[in-house]
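Colleague: Below you'll find coords24.txt; it's compact mmCIF, C-alpha atoms.
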```
# COMPACT_ATOMS: atom_id res chain seq x y z
CA MET A 1 7.26 7.73 17.33
CA SER A 2 10.12 5.91 15.59
CA HIS A 3 12.68 7.33 13.18
CA PHE A 4 15.89 6.50 11.33
CA SER A 5 18.99 8.21 12.72
CA VAL A 6 22.41 8.76 11.14
CA GLU A 7 25.27 10.03 13.31
CA HIS A 8 28.93 10.64 12.65
CA TYR A 9 31.20 10.02 15.65
CA PRO A 10 30.83 11.09 18.48
CA PHE A 11 27.39 9.57 18.95
CA THR A 12 24.42 10.67 21.02
CA HIS A 13 22.58 7.33 20.72
CA GLU A 14 23.85 3.90 21.68
CA PHE A 15 22.18 0.52 21.58
CA ASN A 16 22.34 -0.44 25.26
CA GLU A 17 22.48 -4.21 24.72
CA ALA A 18 25.35 -4.02 22.22
CA ALA A 19 28.24 -6.47 22.23
CA LEU A 20 31.58 -5.04 23.34
CA TYR A 21 32.75 -4.56 19.73
CA ASN A 22 29.80 -2.27 18.99
CA ARG A 23 30.03 -0.07 22.09
CA VAL A 24 31.27 3.47 21.77
CA GLU A 25 34.08 2.95 24.30
CA TYR A 26 35.46 0.11 22.16
CA LEU A 27 34.95 1.88 18.83
CA SER A 28 36.75 4.95 20.15
CA GLN A 29 39.98 2.94 20.57
CA ASN A 30 40.51 3.04 16.79
CA GLU A 31 40.03 5.56 13.99
CA THR A 32 36.67 7.31 14.16
CA ASP A 33 36.93 9.97 11.43
CA ASN A 34 35.04 7.80 8.93
CA LEU A 35 32.75 6.03 11.42
CA ILE A 36 28.97 6.35 11.12
CA ARG A 37 26.30 4.88 13.39
CA PHE A 38 22.88 4.10 11.97
CA ASN A 39 20.06 3.72 14.49
CA TRP A 40 16.34 3.11 14.66
CA VAL A 41 15.16 5.30 17.53
CA VAL A 42 11.94 5.10 19.55
CA ASN A 43 11.27 7.68 22.29
CA ASN A 44 14.91 8.77 22.16
CA LYS A 45 16.09 5.16 22.68
CA ALA A 46 18.01 3.21 20.03
CA ILE A 47 16.39 -0.20 19.52
CA ILE A 48 18.41 -1.11 16.40
CA GLY A 49 22.02 -0.15 15.73
CA CYS A 50 24.69 -0.66 13.08
CA ASN A 51 28.20 0.83 12.89
CA LEU A 52 29.77 1.30 9.47
CA TYR A 53 32.98 2.84 8.18
CA THR A 54 33.15 4.82 4.95
CA GLN A 55 35.81 3.58 2.56
CA LYS A 56 35.77 5.52 -0.71
CA HIS A 57 32.28 4.75 -2.09
CA ASN A 58 31.70 1.79 0.22
CA LEU A 59 30.47 1.19 3.75
CA ILE A 60 32.17 -1.60 5.68
CA ASN A 61 31.30 -3.21 8.98
CA ALA A 62 33.69 -4.23 11.79
CA ARG A 63 36.91 -2.75 10.45
CA TYR A 64 38.73 -3.34 13.74
CA SER A 65 36.88 -6.28 15.26
CA SER A 66 35.75 -9.85 14.72
CA PHE A 67 32.22 -8.79 13.81
CA GLY A 68 29.85 -5.85 13.72
CA GLY A 69 26.57 -6.90 12.18
CA VAL A 70 23.24 -5.33 13.05
CA GLU A 71 22.13 -5.40 16.69
CA PHE A 72 18.55 -5.06 17.82
CA SER A 73 16.35 -5.61 20.84
CA ALA A 74 13.11 -7.60 20.92
CA GLU A 75 11.37 -4.23 20.64
CA GLY A 76 13.25 -3.55 17.41
CA LEU A 77 12.50 -6.91 15.79
CA PRO A 78 9.23 -5.85 14.06
CA GLU A 79 10.90 -2.72 12.63
CA LEU A 80 14.10 -4.38 11.42
CA ASP A 81 13.02 -4.43 7.77
CA GLN A 82 12.18 -0.70 7.90
CA PHE A 83 15.63 0.01 9.34
CA ILE A 84 17.43 -1.97 6.62
CA ASN A 85 15.36 -0.32 3.88
CA ALA A 86 16.11 3.13 5.36
CA LEU A 87 19.81 2.27 5.46
CA ILE A 88 19.80 1.24 1.80
CA LEU A 89 17.90 4.40 0.81
CA TRP A 90 20.42 6.56 2.68
CA CYS A 91 23.26 4.76 0.87
CA SER A 92 21.62 5.36 -2.52
CA ASP A 93 21.11 9.04 -1.71
CA ASN A 94 24.73 9.45 -0.60
CA GLY A 95 26.59 7.77 -3.45
CA ILE A 96 27.41 4.50 -1.69
CA ALA A 97 28.22 1.71 -4.15
CA GLN A 98 28.45 -1.20 -1.72
CA VAL A 99 27.49 -2.07 1.87
CA GLN A 100 29.34 -4.90 3.62
CA LEU A 101 28.14 -6.44 6.89
CA LYS A 102 30.36 -8.74 8.94
CA LEU A 103 27.94 -10.82 10.98
CA PRO A 104 28.73 -12.78 14.14
CA SER A 105 27.95 -16.44 14.64
CA SER A 106 24.28 -17.29 15.21
CA VAL A 107 24.91 -17.87 18.95
CA TYR A 108 25.07 -14.09 19.40
CA SER A 109 21.37 -13.55 18.70
CA GLU A 110 18.27 -15.65 19.23
CA ASN A 111 16.68 -13.81 16.28
CA TYR A 112 19.61 -14.39 13.93
CA ASP A 113 17.56 -16.26 11.29
CA HIS A 114 15.11 -13.38 11.13
CA LEU A 115 17.95 -10.92 10.52
CA LEU A 116 19.30 -13.11 7.70
CA GLN A 117 15.86 -13.29 6.14
CA VAL A 118 15.41 -9.50 6.25
CA LEU A 119 18.87 -8.93 4.74
CA ASN A 120 18.23 -11.52 2.03
CA VAL A 121 14.94 -9.89 1.05
CA ALA A 122 16.74 -6.53 0.93
CA GLY A 123 19.22 -7.92 -1.59
CA PHE A 124 22.23 -8.79 0.57
CA THR A 125 24.20 -11.82 -0.65
CA GLU A 126 26.98 -13.85 0.92
CA LEU A 127 30.45 -12.63 0.02
CA VAL A 128 32.42 -14.91 2.37
CA HIS A 129 31.27 -17.94 4.37
CA GLU A 130 33.46 -18.40 7.44
CA VAL A 131 33.03 -21.40 9.73
CA ASN A 132 32.89 -20.55 13.43
CA GLN A 133 33.06 -23.03 16.32
CA HIS A 134 31.88 -22.69 19.90
CA LEU A 135 31.33 -24.68 23.07
CA VAL A 136 27.98 -24.74 24.82
CA VAL A 137 28.67 -24.32 28.54
CA ARG A 138 26.73 -26.98 30.43
CA GLU A 139 26.80 -28.40 33.95
CA GLU A 140 28.94 -31.46 33.17
CA ILE A 141 32.69 -31.32 33.61
CA TYR A 142 34.80 -30.66 30.54
CA SER A 143 36.20 -34.19 30.31
CA GLU A 144 32.65 -35.39 29.60
CA VAL A 145 32.30 -32.92 26.70
CA ILE A 146 35.41 -33.87 24.72
CA LYS A 147 36.24 -36.92 22.57
CA TYR A 148 38.19 -39.94 23.78
CA ASN A 149 41.58 -38.91 22.35
CA GLU A 150 41.32 -35.44 23.89
CA ARG A 151 40.46 -37.01 27.26
CA LYS A 152 43.68 -39.03 26.96
CA LYS A 153 45.64 -35.86 26.23
CA LEU A 154 44.04 -34.08 29.18
CA ARG A 155 44.88 -37.01 31.45
CA ARG A 156 48.47 -36.92 30.22
CA CYS A 157 48.75 -33.23 31.06
CA LYS A 158 47.53 -33.91 34.58
CA GLU A 159 49.94 -36.82 34.97
CA GLN A 160 52.72 -34.37 34.11
CA ARG A 161 51.32 -32.04 36.80
CA PHE A 162 50.74 -29.17 34.42
CA GLU A 163 48.71 -26.44 36.08
CA PHE A 164 46.02 -24.09 34.76
CA LYS A 165 46.30 -20.54 36.14
CA TYR A 166 44.62 -17.16 35.91
CA MET A 167 47.28 -14.73 34.74
CA GLN A 168 47.67 -11.03 35.45
CA SER A 169 47.91 -8.35 32.78
CA ASP A 170 51.51 -7.61 33.82
CA GLN A 171 52.35 -11.07 32.40
CA LEU A 172 51.21 -10.07 28.92
CA HIS A 173 54.74 -9.75 27.54
CA GLN A 174 55.48 -13.41 28.20
CA ALA A 175 52.06 -14.48 26.94
CA TYR A 176 52.31 -12.37 23.79
CA ARG A 177 55.64 -13.91 22.83
CA LEU A 178 54.08 -17.40 22.94
CA ILE A 179 51.02 -16.22 20.99
CA ALA A 180 53.15 -14.53 18.32
CA ASP A 181 55.41 -17.59 17.94
CA THR A 182 52.36 -19.83 17.50
CA ARG A 183 50.70 -17.61 14.91
CA ILE A 184 53.90 -17.17 12.91
CA ARG A 185 54.43 -20.94 13.03
CA ASN A 186 50.93 -21.43 11.61
CA THR A 187 51.38 -18.60 9.04
CA PHE A 188 48.70 -16.41 10.66
CA PRO A 189 49.31 -12.67 11.09
CA VAL A 190 49.52 -11.17 14.57
CA SER A 191 46.72 -8.65 14.22
CA MET A 192 47.42 -6.61 17.37
CA THR A 193 50.67 -5.24 18.77
CA LEU A 194 51.67 -5.91 22.36
CA ASP A 195 51.21 -2.23 23.23
CA LYS A 196 47.70 -2.20 21.78
CA LEU A 197 46.80 -5.40 23.63
CA ARG A 198 48.11 -3.90 26.89
CA LYS A 199 45.94 -0.87 26.28
CA MET A 200 42.82 -3.03 25.79
CA PHE A 201 43.50 -4.83 29.09
CA SER A 202 43.90 -1.44 30.77
CA VAL A 203 40.79 0.18 29.26
CA PHE A 204 38.58 -2.93 29.60
CA PRO A 205 39.73 -4.74 32.76
CA ASP A 206 36.32 -6.40 33.16
CA ASN A 207 36.33 -7.74 29.60
CA TYR A 208 39.88 -8.92 28.84
CA PHE A 209 41.29 -12.01 30.57
CA LEU A 210 44.54 -13.94 30.44
CA PHE A 211 44.71 -17.69 31.15
CA GLY A 212 47.70 -20.02 31.06
CA VAL A 213 48.95 -23.57 31.56
CA TYR A 214 52.29 -24.03 33.27
CA ASP A 215 54.86 -26.78 33.59
CA SER A 216 56.27 -25.69 36.94
CA LYS A 217 57.27 -22.07 36.18
CA ARG A 218 57.29 -22.46 32.39
CA LEU A 219 54.31 -21.08 30.46
CA ILE A 220 53.37 -23.72 27.86
CA ALA A 221 49.91 -22.60 26.70
CA VAL A 222 48.06 -19.30 26.92
CA ALA A 223 44.81 -17.63 25.87
CA VAL A 224 43.54 -14.08 25.69
CA SER A 225 39.77 -14.24 26.21
CA ILE A 226 37.25 -11.44 25.81
CA LYS A 227 33.87 -11.04 27.46
CA ILE A 228 31.78 -9.97 24.45
CA ASN A 229 28.52 -9.80 26.38
CA ARG A 230 27.02 -11.34 29.50
CA ASN A 231 26.51 -14.69 27.75
CA ILE A 232 29.63 -15.17 25.63
CA LEU A 233 33.36 -15.43 26.31
CA TYR A 234 35.48 -15.35 23.16
CA ASN A 235 38.96 -16.87 22.85
CA PHE A 236 40.64 -14.10 20.89
CA TYR A 237 44.22 -15.41 20.89
CA HIS A 238 45.84 -18.62 22.00
CA GLY A 239 49.35 -20.00 21.81
CA ASP A 240 51.33 -23.04 22.87
CA ASP A 241 54.98 -24.00 23.30
CA ILE A 242 56.08 -26.13 20.34
CA GLU A 243 58.22 -28.29 22.62
CA TYR A 244 55.04 -29.36 24.44
CA ARG A 245 52.89 -29.90 21.34
CA SER A 246 52.82 -33.69 21.88
CA TYR A 247 50.98 -33.11 25.19
CA SER A 248 48.33 -30.80 23.65
CA PRO A 249 48.25 -28.41 26.65
CA ILE A 250 45.60 -26.38 24.78
CA VAL A 251 43.11 -29.08 25.84
CA MET A 252 43.96 -28.41 29.49
CA LEU A 253 43.75 -24.68 28.81
CA LEU A 254 40.24 -25.11 27.40
CA GLU A 255 39.24 -27.19 30.41
CA GLY A 256 40.26 -24.33 32.70
CA ILE A 257 38.50 -21.66 30.65
CA TYR A 258 35.38 -23.83 30.36
CA GLY A 259 35.35 -24.12 34.16
CA TYR A 260 35.68 -20.34 34.43
CA CYS A 261 32.68 -19.99 32.09
CA GLN A 262 30.66 -22.34 34.30
CA ARG A 263 31.45 -20.34 37.43
CA GLU A 264 30.74 -16.99 35.76
CA ASN A 265 27.48 -18.22 34.13
CA PHE A 266 28.53 -17.79 30.51
CA GLU A 267 26.37 -19.73 28.07
CA TYR A 268 28.97 -20.08 25.31
CA LEU A 269 32.72 -20.20 24.86
CA ASP A 270 33.43 -18.96 21.33
CA LEU A 271 36.63 -20.41 19.87
CA GLY A 272 36.39 -18.34 16.70
CA ILE A 273 36.64 -19.19 13.03
CA SER A 274 38.34 -22.28 11.60
CA SER A 275 38.53 -20.89 8.07
CA VAL A 276 40.35 -18.04 6.36
CA HIS A 277 38.56 -16.16 3.56
CA GLY A 278 36.11 -19.05 3.43
CA LYS A 279 38.74 -21.80 3.09
CA LEU A 280 38.39 -24.37 5.89
CA ASN A 281 41.41 -25.36 7.96
CA HIS A 282 40.47 -29.02 8.31
CA GLY A 283 43.01 -29.80 11.03
CA LEU A 284 41.91 -26.89 13.23
CA TYR A 285 38.24 -27.67 12.59
CA LYS A 286 38.70 -31.32 13.62
CA PHE A 287 40.64 -30.37 16.75
CA LYS A 288 37.92 -27.99 17.91
CA GLU A 289 35.25 -30.57 17.09
CA ASN A 290 37.10 -33.14 19.20
CA CYS A 291 37.20 -30.54 21.99
CA GLY A 292 33.40 -30.42 22.03
CA CYS A 293 32.72 -27.58 19.62
CA ILE A 294 29.65 -26.96 17.47
CA ALA A 295 30.05 -25.31 14.06
CA THR A 296 28.00 -22.35 12.81
CA ALA A 297 28.27 -19.95 9.90
CA LYS A 298 29.86 -16.52 10.34
CA PRO A 299 29.13 -14.80 7.02
CA ILE A 300 30.14 -11.54 5.46
CA LEU A 301 27.19 -10.17 3.47
CA VAL A 302 27.28 -7.58 0.72
CA LYS A 303 24.71 -5.33 -0.97
CA GLU A 304 25.62 -3.76 -4.32
CA LEU A 305 23.97 -0.43 -5.14
CA LEU A 306 23.74 1.69 -8.25
CA TYR A 307 24.28 5.40 -7.81
```
Once more with this new file: its structure as structure tokens, please.
Modeller:
Amino acid sequence: MSHFSVEHYPFTHEFNEAALYNRVEYLSQNETDNLIRFNWVVNNKAIIGCNLYTQKHNLINARYSSFGGVEFSAEGLPELDQFINALILWCSDNGIAQVQLKLPSSVYSENYDHLLQVLNVAGFTELVHEVNQHLVVREEIYSEVIKYNERKKLRRCKEQRFEFKYMQSDQLHQAYRLIADTRIRNTFPVSMTLDKLRKMFSVFPDNYFLFGVYDSKRLIAVAVSIKINRNILYNFYHGDDIEYRSYSPIVMLLEGIYGYCQRENFEYLDLGISSVHGKLNHGLYKFKENCGCIATAKPILVKELLY
């Protein structure tokens, strides 16, 4: 027997196949007073799940993460439309004026198109269209994946004897400084403090990783990568030393992370969005494309309700 479930934090049900961002241990790292989990439950097991935050008369998805979306198992696929309709009915009954869902890229679900179709039929429309880019992790070496100019840059880095290294969490201070400098230089906000990032490495040691490229003892490029699920590693932050920009050490950094993905059997390396509020950063998009990336949509959908 299946039923629709609504729970305020703390939760009794959890979708077992959820991405890191939708797991209770991750959600509990931020505010939970206005957090609600909606589930479709069969035999006391959640087969569909969605986490939403109340904000005045609205419900918003993924307040503290890159995405939230709606997650479901193969078992939940046939009942997805019933779940969405039950969610909308609950919103109407509880004075909710708008529901906003921040979906991941399509690589996060093999049934992504079906979810979009169900949401479209239910009246969800696209509020923002972000462009996401990812690498498909294959057997060939990284130099065979990238374009000619990036191969030249990679060769130059190796001629300079730059070295890719796995870094330890106690090196976060040095890494964070490089990340912050890079984001400020590119007019992007630094969304997480150093203390908060340290905490995430401490709480999730099997999910948060630090990688760097060095010129001798000097850190010249760095990435914070997150294991979102068993198939996907996500490059959350990266930074590079402006004095080494002509060498493009980020290309060497990506080569090292790509190799890590191969060894750890990840299917995708997600390099994140190349747009801000739907406006494409053409330079960033082209760089990722030259580094072997494929582009997909990462939309934010909205449903307006009358109450």
Colleague: Ranking A:Ser5, A:Asn235, A:Asn132, A:Asn111 by minimum distance to Leu87 in chain A and counting all atoms listed in the file, which one comes first?
Modeller: A:Ser5
Colleague: In terms of the shortest atom-to-atom distance over all atoms listed in the file, which of A:Tyr268, A:Tyr166, A:Tyr285, A:Phe4 is closest to Val136 in chain A?
Modeller: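 That would be A:Tyr268, the residue with the smallest distance to Val136 in chain A.
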Colleague: For a quick check of understanding, using only C-alpha atoms, which of A:Asn22, A:Gln171, A:Asn265, A:Ser105 has the smallest distance to Ile48 in chain A?
Modeller: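 Smallest separation from Ile48 in chain A among the options: A:Asn22.
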Colleague: So how far away is CA of Ser109 in chain A from CA of Gly76 in chain A, in Å?
Modeller: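 Going from CA of Gly76 in chain A over to CA of Ser109 in chain A covers 12.9 Å.
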Colleague: List the spatial neighbours of Ala223 in chain A as a short mmCIF file (atom, residue, chain, number, x, y, z; two decimals) with C-alpha atoms, in the frame of the given file - criterion: any atom at most 7 Å away, only C-alpha atoms, same-chain residues fewer than 4 positions off excluded.
Modeller:
```
data_model
loop_
_atom_site.label_atom_id
_atom_site.label_comp_id
_atom_site.auth_asym_id
_atom_site.auth_seq_id
_atom_site.Cartn_x
_atom_site.Cartn_y
_atom_site.Cartn_z
CA LEU A 210 44.54 -13.94 30.44
CA PHE A 211 44.71 -17.69 31.15
CA GLY A 212 47.70 -20.02 31.06
CA ASN A 235 38.96 -16.87 22.85
CA TYR A 237 44.22 -15.41 20.89
CA HIS A 238 45.84 -18.62 22.00
CA GLY A 239 49.35 -20.00 21.81
#
```
Colleague: If I take CA of Ile36 in chain A and CA of Leu89 in chain A, how far is one from the other in Å, to one decimal?
Modeller: 15.3 Å
Colleague: So that I can check the surroundings of range 291-303 of chain A, please list as a ChimeraX atom specification every protein, DNA and RNA residue that reaches within 8 Å of it, counting all atoms listed in the file and ignoring chain neighbours fewer than 3 positions away.
Modeller: /A:98-106,123-136,145-147,150,251,273,287-288
Colleague: As an exercise, work out the distance from CA of Ser225 in chain A to CA of Leu35 in chain A in Å and give it to one decimal place.
Modeller: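 Computed distance, CA of Ser225 in chain A to CA of Leu35 in chain A, equals 26.1 Å.
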Colleague: Would you list the residues near (48.3, -35.4, 34.3), meaning any protein, DNA or RNA residue with an atom at most 12 Å from that point in file coordinates, counting only C-alpha atoms, as a list of chain:residue names?
Modeller: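 The distance filter leaves exactly A:Arg151, A:Lys152, A:Lys153, A:Leu154, A:Arg155, A:Arg156, A:Cys157, A:Lys158, A:Glu159, A:Gln160, A:Arg161, A:Phe162, A:Glu163, A:Phe164, A:Asp215, A:Tyr247, A:Ser248, A:Pro249, A:Val251, A:Met252.
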Colleague: Could you tell me which of A:Arg37, A:Lys196, A:His57, A:Arg138 comes closest to Cys91 in chain A if we count all atoms listed in the file?
Modeller: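 Smallest separation from Cys91 in chain A among the options: A:His57.
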Colleague: Considering only C-alpha atoms, return as a list in words whatever protein or nucleic-acid residues lie within 10 Å of Val6 in chain A, sequence-local ones (same chain, fewer than 6 positions apart) excluded.
Modeller: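 Skipping anything fewer than 6 positions along the chain leaves His13, Ile36, Arg37, Phe38, Asn39, Trp40, Cys50, Asn51, Leu87 and Trp90 of chain A.
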Colleague: Could you tell me which of A:Ile257, A:Val222, A:Val121, A:Leu59 comes closest to Ile96 in chain A if we count only C-alpha atoms?
Modeller: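 Residue with the minimum atom-to-atom distance to Ile96 in chain A: A:Leu59.
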Colleague: What would the list of residues within 12 Å of (35.6, 2.7, 20.6) (file frame) look like as a CSV table (one decimal) with C-alpha atoms, in the coordinates of the input, if all atoms listed in the file are what count?
Modeller:
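Okay, this is what ended up in part_12.csv:
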```csv
chain,number,residue,atom,x,y,z
A,9,TYR,CA,31.2,10.0,15.6
A,10,PRO,CA,30.8,11.1,18.5
A,11,PHE,CA,27.4,9.6,19.0
A,14,GLU,CA,23.8,3.9,21.7
A,19,ALA,CA,28.2,-6.5,22.2
A,20,LEU,CA,31.6,-5.0,23.3
A,21,TYR,CA,32.8,-4.6,19.7
A,22,ASN,CA,29.8,-2.3,19.0
A,23,ARG,CA,30.0,-0.1,22.1
A,24,VAL,CA,31.3,3.5,21.8
A,25,GLU,CA,34.1,3.0,24.3
A,26,TYR,CA,35.5,0.1,22.2
A,27,LEU,CA,35.0,1.9,18.8
A,28,SER,CA,36.8,5.0,20.2
A,29,GLN,CA,40.0,2.9,20.6
A,30,ASN,CA,40.5,3.0,16.8
A,31,GLU,CA,40.0,5.6,14.0
A,32,THR,CA,36.7,7.3,14.2
A,33,ASP,CA,36.9,10.0,11.4
A,35,LEU,CA,32.8,6.0,11.4
A,37,ARG,CA,26.3,4.9,13.4
A,51,ASN,CA,28.2,0.8,12.9
A,62,ALA,CA,33.7,-4.2,11.8
A,63,ARG,CA,36.9,-2.8,10.4
A,64,TYR,CA,38.7,-3.3,13.7
A,65,SER,CA,36.9,-6.3,15.3
A,200,MET,CA,42.8,-3.0,25.8
A,203,VAL,CA,40.8,0.2,29.3
A,204,PHE,CA,38.6,-2.9,29.6
```
Colleague: Hey, what's within 9 Å of Arg230 in chain A if we count all atoms listed in the file and toss same-chain stuff fewer than 2 positions away? As a PyMOL selection string, please?
Modeller: chain A and resi 19+227-228+232-233+265-267
Colleague: Can you write out the residues you just picked, keeping C-alpha atoms, as a compact mmCIF listing (two decimals), in the frame of the given file?
Modeller:
```txt
# COMPACT_ATOMS: atom_id res chain seq x y z
CA ALA A 19 28.24 -6.47 22.23
CA LYS A 227 33.87 -11.04 27.46
CA ILE A 228 31.78 -9.97 24.45
CA ILE A 232 29.63 -15.17 25.63
CA LEU A 233 33.36 -15.43 26.31
CA ASN A 265 27.48 -18.22 34.13
CA PHE A 266 28.53 -17.79 30.51
CA GLU A 267 26.37 -19.73 28.07
```
Colleague: If I only have part of range 133-144 of chain A, can you fill in N, CA, C and O atoms and write it as a CSV table (one decimal), in the coordinates of the input?
Modeller:
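part_38.csv, freshly written:
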```
chain,number,residue,atom,x,y,z
A,133,GLN,N,33.3,-21.9,15.4
A,133,GLN,CA,33.1,-23.0,16.3
A,133,GLN,C,33.0,-22.5,17.8
A,133,GLN,O,33.8,-21.7,18.2
A,134,HIS,N,32.1,-23.1,18.5
A,134,HIS,CA,31.9,-22.7,19.9
A,134,HIS,C,31.5,-23.9,20.8
A,134,HIS,O,31.0,-24.9,20.3
A,135,LEU,N,31.7,-23.7,22.1
A,135,LEU,CA,31.3,-24.7,23.1
A,135,LEU,C,30.1,-24.2,23.8
A,135,LEU,O,30.0,-23.0,24.1
A,136,VAL,N,29.1,-25.0,24.0
A,136,VAL,CA,28.0,-24.7,24.8
A,136,VAL,C,28.4,-25.1,26.2
A,136,VAL,O,28.8,-26.2,26.5
A,137,VAL,N,28.3,-24.1,27.1
A,137,VAL,CA,28.7,-24.3,28.5
A,137,VAL,C,27.5,-25.0,29.3
A,137,VAL,O,26.5,-24.4,29.5
A,138,ARG,N,27.7,-26.2,29.7
A,138,ARG,CA,26.7,-27.0,30.4
A,138,ARG,C,27.2,-27.3,31.8
A,138,ARG,O,28.3,-26.9,32.3
A,139,GLU,N,26.4,-28.1,32.6
A,139,GLU,CA,26.8,-28.4,34.0
A,139,GLU,C,27.9,-29.5,34.1
A,139,GLU,O,28.7,-29.5,35.0
A,140,GLU,N,28.0,-30.4,33.1
A,140,GLU,CA,28.9,-31.5,33.2
A,140,GLU,C,30.4,-31.0,33.1
A,140,GLU,O,30.6,-29.9,32.5
A,141,ILE,N,31.3,-31.7,33.6
A,141,ILE,CA,32.7,-31.3,33.6
A,141,ILE,C,33.2,-31.4,32.2
A,141,ILE,O,32.7,-32.2,31.3
A,142,TYR,N,34.3,-30.7,31.9
A,142,TYR,CA,34.8,-30.7,30.5
A,142,TYR,C,35.2,-32.0,30.0
A,142,TYR,O,35.0,-32.3,28.8
A,143,SER,N,35.8,-32.9,30.8
A,143,SER,CA,36.2,-34.2,30.3
A,143,SER,C,35.0,-35.0,29.8
A,143,SER,O,35.3,-36.0,29.0
A,144,GLU,N,33.8,-34.7,30.1
A,144,GLU,CA,32.6,-35.4,29.6
A,144,GLU,C,32.2,-34.8,28.3
A,144,GLU,O,31.3,-35.4,27.6
```
